[in-house]
file target-v5.cif (mmCIF, C-alpha atoms)
data_final
#
loop_
_atom_site.label_atom_id
_atom_site.label_comp_id
_atom_site.auth_asym_id
_atom_site.auth_seq_id
_atom_site.Cartn_x
_atom_site.Cartn_y
_atom_site.Cartn_z
CA MET A 1 29.60 8.65 54.69
CA PRO A 2 32.13 6.24 53.16
CA GLN A 3 31.61 5.26 49.56
CA PRO A 4 29.80 1.88 49.39
CA ASP A 5 31.52 -1.19 48.13
CA GLY A 6 30.17 -2.98 45.09
CA LEU A 7 27.25 -5.41 45.49
CA PRO A 8 27.93 -9.17 45.38
CA GLN A 9 27.58 -10.49 41.85
CA ASP A 10 25.14 -13.22 42.89
CA LEU A 11 22.92 -10.95 45.01
CA TRP A 12 19.99 -10.84 42.56
CA THR A 13 19.95 -14.62 42.05
CA ARG A 14 19.94 -15.55 45.72
CA PRO A 15 16.61 -17.31 46.44
CA ARG A 16 15.27 -14.75 48.93
CA MET A 17 16.18 -11.78 46.74
CA ALA A 18 14.98 -13.39 43.50
CA ALA A 19 11.64 -14.19 45.13
CA ALA A 20 11.32 -10.62 46.42
CA LEU A 21 12.01 -9.17 42.97
CA ALA A 22 9.53 -11.56 41.34
CA SER A 23 6.77 -10.66 43.81
CA CYS A 24 7.54 -6.94 43.92
CA ASP A 25 8.46 -7.17 47.63
CA ILE A 26 10.39 -3.90 47.70
CA PRO A 27 11.00 -3.80 51.50
CA THR A 28 12.85 -7.13 51.30
CA VAL A 29 14.84 -5.97 48.26
CA ILE A 30 15.91 -2.72 49.98
CA GLU A 31 16.80 -4.50 53.21
CA GLY A 32 18.83 -7.04 51.22
CA VAL A 33 20.80 -4.26 49.55
CA ARG A 34 21.37 -2.53 52.90
CA ALA A 35 22.73 -5.74 54.43
CA ALA A 36 24.91 -6.48 51.39
CA ARG A 37 26.40 -2.95 51.55
CA GLY A 38 27.00 -3.23 55.27
CA TRP A 39 25.05 -0.02 55.91
CA SER A 40 23.13 0.99 58.97
CA GLN A 41 19.57 2.14 58.42
CA GLY A 42 20.73 5.73 58.89
CA GLU A 43 23.35 5.32 56.15
CA LEU A 44 20.68 3.82 53.89
CA ALA A 45 18.45 6.83 54.53
CA ARG A 46 21.26 9.26 53.68
CA GLU A 47 22.02 7.39 50.47
CA LEU A 48 18.35 7.62 49.46
CA THR A 49 18.05 11.26 50.64
CA TYR A 50 14.97 10.39 52.70
CA SER A 51 14.45 10.64 56.44
CA GLN A 52 15.37 7.63 58.54
CA SER A 53 11.81 7.37 59.87
CA TRP A 54 10.47 7.18 56.29
CA VAL A 55 13.01 4.50 55.34
CA SER A 56 12.15 2.57 58.50
CA ARG A 57 8.48 2.54 57.52
CA VAL A 58 9.35 1.31 54.02
CA VAL A 59 11.58 -1.50 55.27
CA ASN A 60 8.94 -2.56 57.79
CA GLY A 61 6.20 -2.60 55.12
CA GLN A 62 4.33 0.32 56.64
CA GLN A 63 4.86 2.85 53.84
CA SER A 64 3.17 2.71 50.42
CA LEU A 65 5.30 3.55 47.39
CA THR A 66 4.39 4.88 43.98
CA VAL A 67 5.91 3.25 40.93
CA GLY A 68 7.90 6.45 40.40
CA GLN A 69 9.37 6.16 43.89
CA VAL A 70 10.29 2.52 43.31
CA ARG A 71 12.14 3.48 40.16
CA GLU A 72 13.98 6.23 41.97
CA LEU A 73 14.97 3.93 44.84
CA ALA A 74 16.13 1.30 42.35
CA ARG A 75 18.26 3.87 40.53
CA ARG A 76 19.90 5.11 43.74
CA LEU A 77 20.60 1.57 45.04
CA ASP A 78 21.70 0.07 41.68
CA ILE A 79 18.77 -2.38 41.71
CA PRO A 80 18.16 -3.76 38.16
CA LEU A 81 14.74 -2.33 37.37
CA HIS A 82 14.00 -4.96 34.73
CA LEU A 83 14.09 -7.66 37.41
CA ILE A 84 11.26 -6.10 39.42
CA ARG A 85 7.95 -7.72 38.46
CA PHE A 86 5.57 -4.75 38.60
CA GLY A 87 2.03 -6.01 39.20
CA GLY A 88 3.25 -9.62 39.46
CA LEU A 89 0.56 -10.75 41.89
CA PRO A 90 1.04 -14.23 43.36
CA GLN A 91 -2.59 -15.07 42.72
CA GLU A 92 -5.23 -13.66 40.47
CA GLY A 93 -7.14 -10.94 42.30
CA THR A 94 -4.76 -10.75 45.30
CA ILE A 95 -4.59 -7.26 46.85
CA LEU A 96 -2.02 -6.63 49.57
CA GLY A 97 -1.34 -3.44 51.46
CA PRO A 98 1.59 -2.44 53.64
CA SER A 99 -0.42 -3.11 56.78
CA PRO A 100 -3.87 -4.58 57.52
CA ALA A 101 -4.73 -1.35 59.32
CA ARG A 102 -3.94 0.88 56.35
CA ARG A 103 -6.70 1.87 53.97
CA ARG A 104 -6.13 1.68 50.26
CA PRO A 105 -5.62 5.21 48.91
CA THR A 106 -8.40 6.42 46.65
CA GLY A 107 -7.68 5.82 42.99
CA SER A 108 -4.77 3.44 43.64
CA THR A 109 -4.11 -0.29 43.56
CA LEU A 110 -1.85 -1.92 46.14
CA VAL A 111 0.41 -4.81 45.19
CA PRO A 112 2.94 -6.83 47.25
CA GLY A 113 5.50 -4.72 49.04
CA GLY A 114 3.10 -1.82 49.57
CA ILE A 115 3.57 -0.38 46.07
CA VAL A 116 0.82 1.92 44.88
CA LEU A 117 -0.11 1.70 41.20
CA PRO A 118 -1.95 4.95 40.47
CA ASN A 119 -5.03 4.76 38.27
CA SER A 120 -3.95 8.11 36.86
CA PRO A 121 -0.21 8.46 36.22
CA THR A 122 1.61 11.19 38.06
CA PRO A 123 3.32 13.92 36.02
CA GLY A 124 6.54 12.70 34.47
CA GLU A 125 5.75 9.00 34.84
CA HIS A 126 6.02 6.76 31.77
CA THR A 127 2.54 5.90 30.48
CA GLY A 128 3.55 3.78 27.50
CA HIS A 129 1.80 4.14 24.17
CA HIS A 130 -1.90 4.57 23.42
CA GLY A 131 -2.95 4.56 27.08
CA VAL A 132 -0.84 1.58 28.21
CA ASP A 133 0.48 2.05 31.74
CA GLU A 134 1.10 0.19 35.01
CA THR A 135 -2.62 -0.48 35.51
CA THR A 136 -3.33 -2.03 32.10
CA ALA A 137 -2.16 -5.59 32.70
CA PRO A 138 -3.78 -5.93 36.17
CA ALA A 139 -7.05 -4.58 34.72
CA LEU A 140 -6.99 -7.12 31.87
CA ARG A 141 -6.22 -9.94 34.26
CA SER A 142 -9.04 -8.97 36.59
CA ILE A 143 -11.47 -9.13 33.67
CA THR A 144 -10.28 -12.63 32.80
CA GLY A 145 -10.66 -13.61 36.44
CA GLY A 146 -14.24 -12.36 36.52
CA GLN A 147 -15.07 -14.27 33.35
CA ARG A 148 -13.60 -17.45 34.82
CA ARG A 149 -15.76 -17.12 37.91
CA MET A 150 -18.86 -16.65 35.75
CA ASP A 151 -18.00 -19.82 33.80
CA ALA A 152 -18.95 -21.91 36.82
CA THR A 153 -22.64 -21.12 36.40
CA SER A 154 -23.02 -19.66 32.90
CA PRO A 155 -23.28 -21.23 29.43
CA ALA A 156 -20.05 -20.94 27.48
CA ARG A 157 -21.89 -19.51 24.48
CA HIS A 158 -22.96 -16.54 26.61
CA LEU A 159 -19.39 -15.84 27.71
CA LEU A 160 -17.53 -16.54 24.49
CA PRO A 161 -18.34 -13.29 22.60
CA SER A 162 -17.01 -11.10 25.41
CA ALA A 163 -14.06 -13.43 26.02
CA THR A 164 -13.10 -13.27 22.34
CA THR A 165 -13.37 -9.48 22.37
CA HIS A 166 -11.24 -9.44 25.50
CA VAL A 167 -8.55 -11.49 23.73
CA HIS A 168 -8.49 -8.93 20.90
CA LEU A 169 -8.24 -6.08 23.41
CA ALA A 170 -5.38 -7.78 25.24
CA GLU A 171 -3.56 -8.32 21.94
CA GLN A 172 -4.03 -4.65 20.98
CA MET A 173 -2.68 -3.50 24.34
CA LEU A 174 0.25 -5.91 23.96
CA THR A 175 1.09 -4.47 20.55
CA SER A 176 0.91 -0.94 21.97
CA SER A 177 3.24 -1.86 24.82
CA ARG A 178 6.24 -2.75 22.66
CA GLY A 179 9.29 -0.85 23.80
CA THR A 180 7.77 -0.10 27.21
CA PRO A 181 8.40 -1.68 30.64
CA PHE A 182 4.86 -3.10 30.55
CA HIS A 183 5.30 -5.56 27.68
CA THR A 184 6.11 -8.55 29.90
CA GLU A 185 3.05 -8.18 32.13
CA LEU A 186 0.80 -7.60 29.12
CA SER A 187 2.13 -10.77 27.48
CA ALA A 188 1.06 -12.66 30.60
CA ALA A 189 -2.37 -10.99 30.59
CA ALA A 190 -2.84 -11.88 26.91
CA SER A 191 -1.83 -15.47 27.68
CA GLU A 192 -4.47 -15.80 30.38
CA ALA A 193 -7.15 -14.27 28.16
CA SER A 194 -6.35 -16.71 25.33
CA GLY A 195 -6.28 -19.65 27.72
CA PHE A 196 -9.79 -18.89 28.92
CA ALA A 197 -11.08 -18.40 25.37
CA ALA A 198 -9.62 -21.82 24.54
CA TRP A 199 -11.50 -23.37 27.47
CA LEU A 200 -14.81 -21.88 26.30
CA ASN A 201 -14.33 -23.00 22.71
CA ALA A 202 -13.55 -26.52 23.90
CA ASP A 203 -16.73 -26.51 25.97
CA LEU A 204 -18.67 -25.65 22.82
CA GLY A 205 -16.97 -28.34 20.77
CA ASP A 206 -14.96 -25.99 18.55
CA MET A 207 -11.73 -27.96 18.63
CA GLY A 208 -9.88 -25.85 16.05
CA SER A 209 -10.50 -22.55 17.82
CA ALA A 210 -9.70 -24.09 21.21
CA ARG A 211 -6.39 -25.42 19.97
CA MET A 212 -5.52 -22.10 18.32
CA HIS A 213 -6.18 -20.14 21.51
CA TYR A 214 -4.25 -22.61 23.67
CA ARG A 215 -1.23 -22.34 21.38
CA THR A 216 -1.45 -18.55 21.49
CA ALA A 217 -1.59 -18.75 25.29
CA VAL A 218 1.63 -20.79 25.32
CA ILE A 219 3.38 -18.38 22.95
CA ARG A 220 2.39 -15.33 25.00
CA ALA A 221 3.47 -17.02 28.24
CA ARG A 222 6.90 -17.65 26.74
CA GLN A 223 7.14 -14.08 25.55
CA ALA A 224 6.39 -13.03 29.13
CA GLY A 225 9.29 -15.16 30.33
CA MET A 226 7.12 -16.59 33.12
CA ARG A 227 8.08 -20.23 33.47
CA LEU A 228 5.13 -21.29 35.62
CA LEU A 229 2.62 -19.63 33.29
CA ASP A 230 4.31 -21.35 30.33
CA VAL A 231 3.97 -24.70 32.10
CA TYR A 232 0.37 -24.00 33.11
CA MET A 233 -0.67 -23.29 29.53
CA LEU A 234 1.27 -26.25 28.13
CA GLY A 235 -0.38 -28.49 30.72
CA SER A 236 -3.80 -27.06 29.90
CA LEU A 237 -3.23 -27.78 26.21
CA ALA A 238 -2.07 -31.29 27.11
CA SER A 239 -5.21 -31.87 29.17
CA PHE A 240 -7.33 -30.64 26.26
CA GLU A 241 -5.63 -33.04 23.83
CA ILE A 242 -5.97 -35.97 26.25
CA GLU A 243 -9.49 -35.46 27.53
CA THR A 244 -11.36 -33.49 24.85
CA ALA A 245 -9.54 -34.32 21.62
CA GLU A 246 -8.89 -37.89 22.86
CA ASP A 247 -5.28 -37.90 21.65
CA PRO A 248 -3.31 -39.14 24.69
CA GLU A 249 -0.11 -39.61 22.70
CA LEU A 250 0.01 -35.95 21.70
CA GLY A 251 -1.01 -34.96 25.21
CA LEU A 252 1.81 -36.99 26.73
CA GLY A 253 4.32 -35.25 24.48
CA LEU A 254 3.06 -31.89 25.69
CA VAL A 255 3.30 -33.01 29.32
CA GLN A 256 6.91 -34.05 28.76
CA GLU A 257 7.68 -30.68 27.18
CA ALA A 258 6.07 -28.92 30.15
CA GLU A 259 8.14 -31.01 32.58
CA HIS A 260 11.29 -30.02 30.72
CA VAL A 261 10.35 -26.33 30.96
CA LEU A 262 9.42 -26.67 34.62
CA GLY A 263 12.66 -28.25 35.82
CA PRO A 264 13.23 -30.39 38.93
CA ASP A 265 13.22 -27.61 41.54
CA ALA A 266 9.79 -26.13 40.84
CA HIS A 267 6.88 -25.76 43.25
CA PRO A 268 5.28 -29.12 44.21
CA THR A 269 1.83 -27.92 43.06
CA ALA A 270 3.07 -27.63 39.49
CA ARG A 271 4.92 -30.96 39.62
CA ALA A 272 1.93 -32.82 41.09
CA TRP A 273 -0.52 -31.31 38.60
CA LEU A 274 1.66 -32.23 35.61
CA ALA A 275 2.19 -35.74 36.95
CA CYS A 276 -1.56 -36.26 37.18
CA ILE A 277 -2.14 -35.05 33.62
CA GLY A 278 0.64 -37.40 32.52
CA ALA A 279 -1.08 -40.22 34.38
CA LEU A 280 -4.24 -39.62 32.33
CA ALA A 281 -2.19 -39.75 29.12
CA HIS A 282 -0.52 -43.02 30.13
CA ALA A 283 -3.89 -44.49 31.10
CA GLY A 284 -5.35 -43.45 27.75
CA LEU A 285 -2.50 -45.31 26.06
CA GLY A 286 -3.14 -48.37 28.23
CA ASP A 287 0.14 -48.12 30.15
CA ARG A 288 -1.02 -49.05 33.64
CA ALA A 289 2.44 -49.11 35.24
CA ALA A 290 3.38 -45.65 33.96
CA ALA A 291 0.00 -44.21 34.96
CA LEU A 292 0.19 -45.52 38.52
CA GLY A 293 3.83 -44.44 38.78
CA ALA A 294 2.87 -40.88 37.82
CA LEU A 295 0.10 -40.87 40.43
CA ARG A 296 2.51 -42.05 43.12
CA HIS A 297 4.84 -39.23 42.14
CA ALA A 298 1.97 -36.74 42.49
CA GLU A 299 1.09 -38.12 45.92
CA ARG A 300 4.66 -37.64 47.12
CA GLU A 301 4.65 -34.06 45.89
CA VAL A 302 1.43 -33.06 47.66
CA SER A 303 2.39 -34.67 50.96
CA GLY A 304 5.10 -32.12 51.73
CA PRO A 305 4.65 -28.90 53.75
CA ASP A 306 5.64 -26.67 50.82
CA ASN A 307 2.41 -27.38 48.94
CA ALA A 308 0.08 -25.39 51.21
CA HIS A 309 0.31 -22.16 49.21
CA PRO A 310 0.05 -22.72 45.45
CA PRO A 311 1.99 -20.43 43.12
CA TRP A 312 0.31 -18.19 40.57
CA PRO A 313 -1.29 -19.03 38.12
CA TRP A 314 -2.60 -21.88 40.31
CA VAL A 315 -5.26 -20.50 42.62
CA PHE A 316 -6.23 -23.49 44.78
CA ALA A 317 -3.97 -25.97 46.54
CA PHE A 318 -3.42 -29.23 44.67
CA ASP A 319 -3.90 -31.66 47.55
CA GLU A 320 -4.55 -35.36 48.25
CA ALA A 321 -8.22 -35.02 47.29
CA LYS A 322 -7.27 -33.62 43.87
CA VAL A 323 -4.85 -36.50 43.28
CA ALA A 324 -7.56 -38.96 44.33
CA GLY A 325 -9.82 -37.43 41.69
CA TYR A 326 -7.20 -38.09 39.01
CA ARG A 327 -6.68 -41.59 40.39
CA ALA A 328 -10.40 -42.16 39.88
CA LEU A 329 -10.20 -40.95 36.28
CA VAL A 330 -7.21 -43.20 35.65
CA GLY A 331 -9.15 -46.12 37.13
CA VAL A 332 -12.01 -45.49 34.71
CA ARG A 333 -9.66 -45.43 31.73
CA LEU A 334 -7.82 -48.57 32.88
CA ARG A 335 -11.19 -50.29 33.40
CA THR A 336 -10.60 -50.98 37.11
CA PRO A 337 -14.01 -49.90 38.44
CA HIS A 338 -13.56 -50.88 42.08
CA GLU A 339 -10.35 -48.87 42.36
CA ALA A 340 -12.01 -45.98 40.53
CA ARG A 341 -15.04 -45.91 42.83
CA ALA A 342 -12.84 -46.06 45.93
CA ALA A 343 -10.82 -43.13 44.61
CA PHE A 344 -13.99 -41.15 43.83
CA ALA A 345 -15.00 -41.58 47.47
CA GLU A 346 -11.70 -39.99 48.56
CA ALA A 347 -11.91 -37.17 46.04
CA VAL A 348 -13.89 -33.96 46.28
CA ALA A 349 -17.58 -34.83 46.03
CA PRO A 350 -19.16 -33.94 42.65
CA SER A 351 -21.38 -31.25 44.17
CA SER A 352 -19.21 -28.17 43.88
CA ARG A 353 -20.33 -24.71 42.77
CA ASN A 354 -19.06 -25.43 39.27
CA VAL A 355 -21.97 -27.51 38.05
CA LYS A 356 -20.41 -28.20 34.66
CA GLN A 357 -17.29 -29.66 36.25
CA SER A 358 -19.52 -31.70 38.56
CA ALA A 359 -21.37 -33.05 35.54
CA LEU A 360 -18.11 -34.21 33.97
CA LEU A 361 -17.22 -36.04 37.19
CA LYS A 362 -20.64 -37.69 37.22
CA VAL A 363 -20.03 -39.13 33.76
CA GLU A 364 -16.69 -40.53 34.90
CA LEU A 365 -18.31 -42.05 37.98
CA ALA A 366 -21.08 -43.43 35.77
CA SER A 367 -18.45 -45.25 33.71
CA ALA A 368 -17.02 -46.83 36.86
CA HIS A 369 -20.47 -47.99 38.00
CA ALA A 370 -21.24 -49.41 34.56
CA GLU A 371 -17.97 -51.33 34.49
CA ALA A 372 -18.80 -52.75 37.94
CA GLY A 373 -22.25 -53.87 36.74
CA ASP A 374 -24.28 -51.25 38.61
CA VAL A 375 -26.22 -50.23 35.50
CA ASP A 376 -29.09 -48.33 37.12
CA GLU A 377 -26.76 -46.06 39.12
CA ALA A 378 -24.51 -45.57 36.11
CA PHE A 379 -27.31 -44.36 33.88
CA ARG A 380 -28.86 -42.26 36.64
CA LEU A 381 -25.60 -40.33 36.89
CA ALA A 382 -25.35 -40.07 33.10
CA GLN A 383 -28.90 -38.67 32.94
CA GLU A 384 -28.05 -36.03 35.56
CA ALA A 385 -24.92 -35.05 33.67
CA LEU A 386 -26.85 -34.83 30.39
CA THR A 387 -29.42 -32.53 32.01
CA THR A 388 -26.63 -30.18 33.05
CA GLY A 389 -24.99 -30.40 29.63
CA MET A 390 -28.24 -29.51 27.88
CA ARG A 391 -28.99 -26.70 30.31
CA PHE A 392 -25.64 -25.03 29.66
CA ALA A 393 -25.34 -26.14 26.02
CA SER A 394 -22.00 -27.69 26.98
CA GLU A 395 -20.79 -29.84 24.13
CA ARG A 396 -17.99 -31.00 26.40
CA VAL A 397 -20.46 -32.51 28.87
CA MET A 398 -22.91 -33.84 26.27
CA GLY A 399 -20.01 -35.33 24.29
CA ARG A 400 -18.80 -37.17 27.38
CA VAL A 401 -22.27 -38.62 27.90
CA ARG A 402 -22.38 -39.77 24.26
CA SER A 403 -18.95 -41.32 24.68
CA PHE A 404 -20.13 -43.11 27.83
CA ARG A 405 -23.10 -44.52 25.96
CA ARG A 406 -20.98 -45.68 23.00
CA GLY A 407 -18.64 -47.48 25.37
CA TYR A 408 -21.40 -49.29 27.25
CA ARG A 409 -21.55 -53.01 26.36
CA GLY A 410 -23.84 -54.28 29.11
CA PRO A 411 -27.43 -55.52 29.08
CA HIS A 412 -30.12 -53.37 27.49
CA ALA A 413 -32.31 -52.10 30.32
CA THR A 414 -35.04 -49.47 30.57
CA CYS A 415 -32.56 -46.89 31.89
CA VAL A 416 -30.41 -47.44 28.81
CA GLU A 417 -33.36 -46.86 26.49
CA ASP A 418 -34.32 -43.70 28.37
CA LEU A 419 -30.86 -42.22 27.85
CA ASP A 420 -30.93 -43.22 24.17
CA ASN A 421 -34.22 -41.40 23.70
CA ARG A 422 -32.86 -38.21 25.26
CA LEU A 423 -29.67 -38.36 23.22
CA SER A 424 -31.68 -38.75 20.02
CA THR A 425 -33.53 -35.49 20.72
CA LEU A 426 -30.38 -33.40 21.24
CA VAL A 427 -30.29 -32.19 17.64
CA THR A 428 -33.71 -30.56 17.83
CA SER A 429 -33.99 -29.78 21.53
CA VAL A 430 -33.85 -26.21 22.84
CA PRO A 431 -31.51 -25.93 25.84
CA ASP A 432 -32.99 -24.79 29.11
CA ASN A 433 -30.83 -21.93 30.31
CA GLY A 434 -32.51 -21.69 33.66
#
call {"tool": "encode", "arguments": {"input": "target-v5.cif", "output": "C-alpha cells"}}
result
Amino acid sequence: MPQPDGLPQDLWTRPRMAAALASCDIPTVIEGVRAARGWSQGELARELTYSQSWVSRVVNGQQSLTVGQVRELARRLDIPLHLIRFGGLPQEGTILGPSPARRRPTGSTLVPGGIVLPNSPTPGEHTGHHGVDETTAPALRSITGGQRRMDATSPARHLLPSATTHVHLAEQMLTSSRGTPFHTELSAAASEASGFAAWLNADLGDMGSARMHYRTAVIRARQAGMRLLDVYMLGSLASFEIETAEDPELGLGLVQEAEHVLGPDAHPTARAWLACIGALAHAGLGDRAAALGALRHAEREVSGPDNAHPPWPWVFAFDEAKVAGYRALVGVRLRTPHEARAAFAEAVAPSSRNVKQSALLKVELASAHAEAGDVDEAFRLAQEALTTGMRFASERVMGRVRSFRRGYRGPHATCVEDLDNRLSTLVTSVPDNG
C-alpha cells in the first residue's frame, strides 16, 4: 500500500469534522480521514490492521467501540485525541447506540458514535486518579439531571442539602482529574452542579450563596472550554440578577458579556434565549425601544429551520411560545397590560408540570390584570401563586407575590385585604408540603 499523503491542515476545523469531534461521532471522523487520504475502505482497514468487514461496520455506525479502541484508531490515523469530546452528550441524559436494534452491552454506557464507556476499565486503560475515569463525568451529570427533574415538584429546601453535597463531590473529582484526559468533562459536570445549587439557593432567598454558585458555574464552564455552557451559565446569572436580585443594569452587562462569548454564528436557540433575557433587562431599565427590539431579534431567530433541535445544555426548543412568554413579562414591566395579556395567551399556559414555575407566571399575569383594572382576577391569581409558594417554601414565589402587592396602587377591595391577611401570617405559618 502506498504511503499516505499528509492530512489537510484545515481538516479538523471543517464544520462537519469539528461537529463530529465535538459530539464523539467517530464513524464520521474516520470516514472524513479516509476521504482526505484518498483511501479505499480496504486501504483504511489495512492501515488500521482490522478486517474490512469490521471497519465497514464502524463506518456505518453498526459497531460499538471501547474508549481504548478509539484511542488506538486515533493514534493510527493521526487524529488529535484532545479534540475528541469523550462523553460530550448533546443533551443531558441522551443515550445513543450504533443501531436501534442493538442492545446496550451489560455494564457499559453508549454515547454518540457507538462508543462504549465501560463501567469497569479494561486492563491497561487510563483510570485517572482516585477512581476518576471515563464514567465519572457522565455519572455526575446524570445526578444533576435527576435533581433538576425533582425540582419541578419538590421544595428547594429538601433538595439543597444533597445538591450542595453533590457540588462538593464534583469539585473533589475535578481536583483528582488534574493531569488526566477527563479534566475538561469534569469541569463541565462541576459547572452544571453549581448552576443547579445556585438555582435552589435563589429559590430559598439566599442571594449570596446563589450568586457564589452561579459565578463558580461560569468559572468551571470556562475551564471546560465549552462556549455554549459558558454562555448558558452567564445568561442564567444574568437572569438571576434581573429577576431575583432586581438589578437589571448588572444583568444587562452580563447578557452583553454572554453575547460577546457566544459570537454571531452560534445556534439560534442560544441567540434567541439571550435576546429575551436582554429584553427583560431593558424593560427593567424602562427602555421600551431596546426591549422590543431584542424581542424582535429573538422572534427572527426562532423562526428559522435550524432551531428545531436545541444544543446542549439547552434541553427544550426555544420556540415562538417561549418568546411570547418573555414578551408578556416585558409587557408587565413596561406597564402595557393589554399587550402583556395578549402575549400570555400566546405563550405556554401556566399549568405545566413545574408548579413553581407556573406560580411565577401567575404572579406576572396577576400584575397585568391589576394594571388593566381587573382586580378580582389579579388577586385570585396572586392567591393561587402564594398557596404554591407556601406549600414549597419557595421564597422566590412568595417574594414575587409580596412585590406584586407592594406595587399595587388600585382600590382597596376585599380580595386585597384577604391577600394582606395571608401575607401577614407568613412569618409564623408552617408550610404545607403536601
call {"tool": "atom_distance", "arguments": {"input": "target-v5.cif", "atom1": "CA of Leu237 (chain A)", "atom2": "CA of Ile219 (chain A)"}}
result
11.9 Å
call {"tool": "resolve_selection", "arguments": {"input": "target-v5.cif", "expression": "the PyMOL selection byres ((chain A and resi 242) around 12)", "output": "MDAnalysis selection string"}}
result
chainID A and resid 235:241 243:255 276:285 329:330 333
call {"tool": "atom_distance", "arguments": {"input": "target-v5.cif", "atom1": "CA of Val401 (chain A)", "atom2": "CA of Thr388 (chain A)"}}
result
10.8 Å
call {"tool": "resolve_selection", "arguments": {"input": "target-v5.cif", "expression": "the PyMOL selection byres ((chain A and resi 269) around 8)", "output": "list in words"}}
result
His267, Pro268, Ala270, Arg271, Ala272, Trp273, Glu301, Val302, Asn307, Pro310, Pro311, Trp314, Ala317 and Phe318 of chain A
call {"tool": "closest_residue", "arguments": {"input": "target-v5.cif", "among": "A:Gly38, A:Gly373, A:Gly399, A:Gly325", "to": "Ser358 (chain A)", "atoms": "only C-alpha atoms"}}
result
A:Gly325
call {"tool": "atom_distance", "arguments": {"input": "target-v5.cif", "atom1": "CA of Ala36 (chain A)", "atom2": "CA of His309 (chain A)"}}
result
29.3 Å
call {"tool": "resolve_selection", "arguments": {"input": "target-v5.cif", "expression": "the PyMOL selection byres ((chain A and resi 154-163) around 8)", "output": "list in words"}}
result
Thr144, Gln147, Met150, Asp151, Ala152, Thr153, Thr164, Thr165, His166, Val167, Ala193, Phe196, Ala197, Leu200, Asn201, Asp203, Leu204, Arg391, Phe392, Ala393, Ser394 and Asn433 of chain A
call {"tool": "residues_around", "arguments": {"input": "target-v5.cif", "residues": "Val132 (chain A)", "least_positions_apart": "6", "cutoff": "9 Å", "atoms": "only C-alpha atoms", "output": "PDB file with C-alpha atoms, in the coordinates of the input"}}
result
ATOM      1  CA  MET A 173      -2.680  -3.500  24.340  1.00  0.00           C
ATOM      2  CA  LEU A 174       0.250  -5.910  23.960  1.00  0.00           C
ATOM      3  CA  SER A 176       0.910  -0.940  21.970  1.00  0.00           C
ATOM      4  CA  SER A 177       3.240  -1.860  24.820  1.00  0.00           C
ATOM      5  CA  THR A 180       7.770  -0.100  27.210  1.00  0.00           C
ATOM      6  CA  PHE A 182       4.860  -3.100  30.550  1.00  0.00           C
TER       7      PHE A 182
END
call {"tool": "closest_residue", "arguments": {"input": "target-v5.cif", "among": "A:Leu386, A:Ala342, A:Leu334, A:Leu65", "to": "Thr425 (chain A)", "atoms": "all atoms listed in the file"}}
result
A:Leu386
call {"tool": "closest_residue", "arguments": {"input": "target-v5.cif", "among": "A:Ala221, A:Ala378, A:Val29, A:Leu262", "to": "Pro337 (chain A)", "atoms": "only C-alpha atoms"}}
result
A:Ala378
call {"tool": "residues_around", "arguments": {"input": "target-v5.cif", "residues": "Tyr408 (chain A)", "least_positions_apart": "2", "cutoff": "9 Å", "atoms": "only C-alpha atoms", "output": "PDB file with C-alpha atoms, in the frame of the given file"}}
result
ATOM      1  CA  SER A 367     -18.450 -45.250  33.710  1.00  0.00           C
ATOM      2  CA  ALA A 370     -21.240 -49.410  34.560  1.00  0.00           C
ATOM      3  CA  GLU A 371     -17.970 -51.330  34.490  1.00  0.00           C
ATOM      4  CA  SER A 403     -18.950 -41.320  24.680  1.00  0.00           C
ATOM      5  CA  PHE A 404     -20.130 -43.110  27.830  1.00  0.00           C
ATOM      6  CA  ARG A 405     -23.100 -44.520  25.960  1.00  0.00           C
ATOM      7  CA  ARG A 406     -20.980 -45.680  23.000  1.00  0.00           C
ATOM      8  CA  GLY A 410     -23.840 -54.280  29.110  1.00  0.00           C
ATOM      9  CA  PRO A 411     -27.430 -55.520  29.080  1.00  0.00           C
TER      10      PRO A 411
END
call {"tool": "residues_around", "arguments": {"input": "target-v5.cif", "residues": "His412 (chain A)", "least_positions_apart": "6", "cutoff": "12 Å", "atoms": "all atoms listed in the file", "output": "PDB file with C-alpha atoms, in the coordinates of the input"}}
result
ATOM      1  CA  VAL A 375     -26.220 -50.230  35.500  1.00  0.00           C
ATOM      2  CA  ASP A 376     -29.090 -48.330  37.120  1.00  0.00           C
ATOM      3  CA  PHE A 379     -27.310 -44.360  33.880  1.00  0.00           C
ATOM      4  CA  ARG A 405     -23.100 -44.520  25.960  1.00  0.00           C
ATOM      5  CA  ASP A 418     -34.320 -43.700  28.370  1.00  0.00           C
ATOM      6  CA  LEU A 419     -30.860 -42.220  27.850  1.00  0.00           C
ATOM      7  CA  ASP A 420     -30.930 -43.220  24.170  1.00  0.00           C
TER       8      ASP A 420
END
call {"tool": "closest_residue", "arguments": {"input": "target-v5.cif", "among": "A:Met17, A:Ala289, A:Ala340, A:Ala258", "to": "Ala275 (chain A)", "atoms": "only C-alpha atoms"}}
result
A:Ala258
call {"tool": "closest_residue", "arguments": {"input": "target-v5.cif", "among": "A:Ala343, A:Ala266, A:Ala382, A:Leu83", "to": "Gly225 (chain A)", "atoms": "only C-alpha atoms"}}
result
A:Leu83
call {"tool": "closest_residue", "arguments": {"input": "target-v5.cif", "among": "A:Glu339, A:Arg396, A:Ala328, A:Phe316", "to": "Leu360 (chain A)", "atoms": "all atoms listed in the file"}}
result
A:Arg396
call {"tool": "residues_around", "arguments": {"input": "target-v5.cif", "residues": "region 184-188 of chain A", "least_positions_apart": "5", "cutoff": "9 Å", "atoms": "all atoms listed in the file", "output": "PyMOL selection string"}}
result
chain A and resi 85-88+136-138+140-141+170-171+173-174+177+193+217+219-226+229
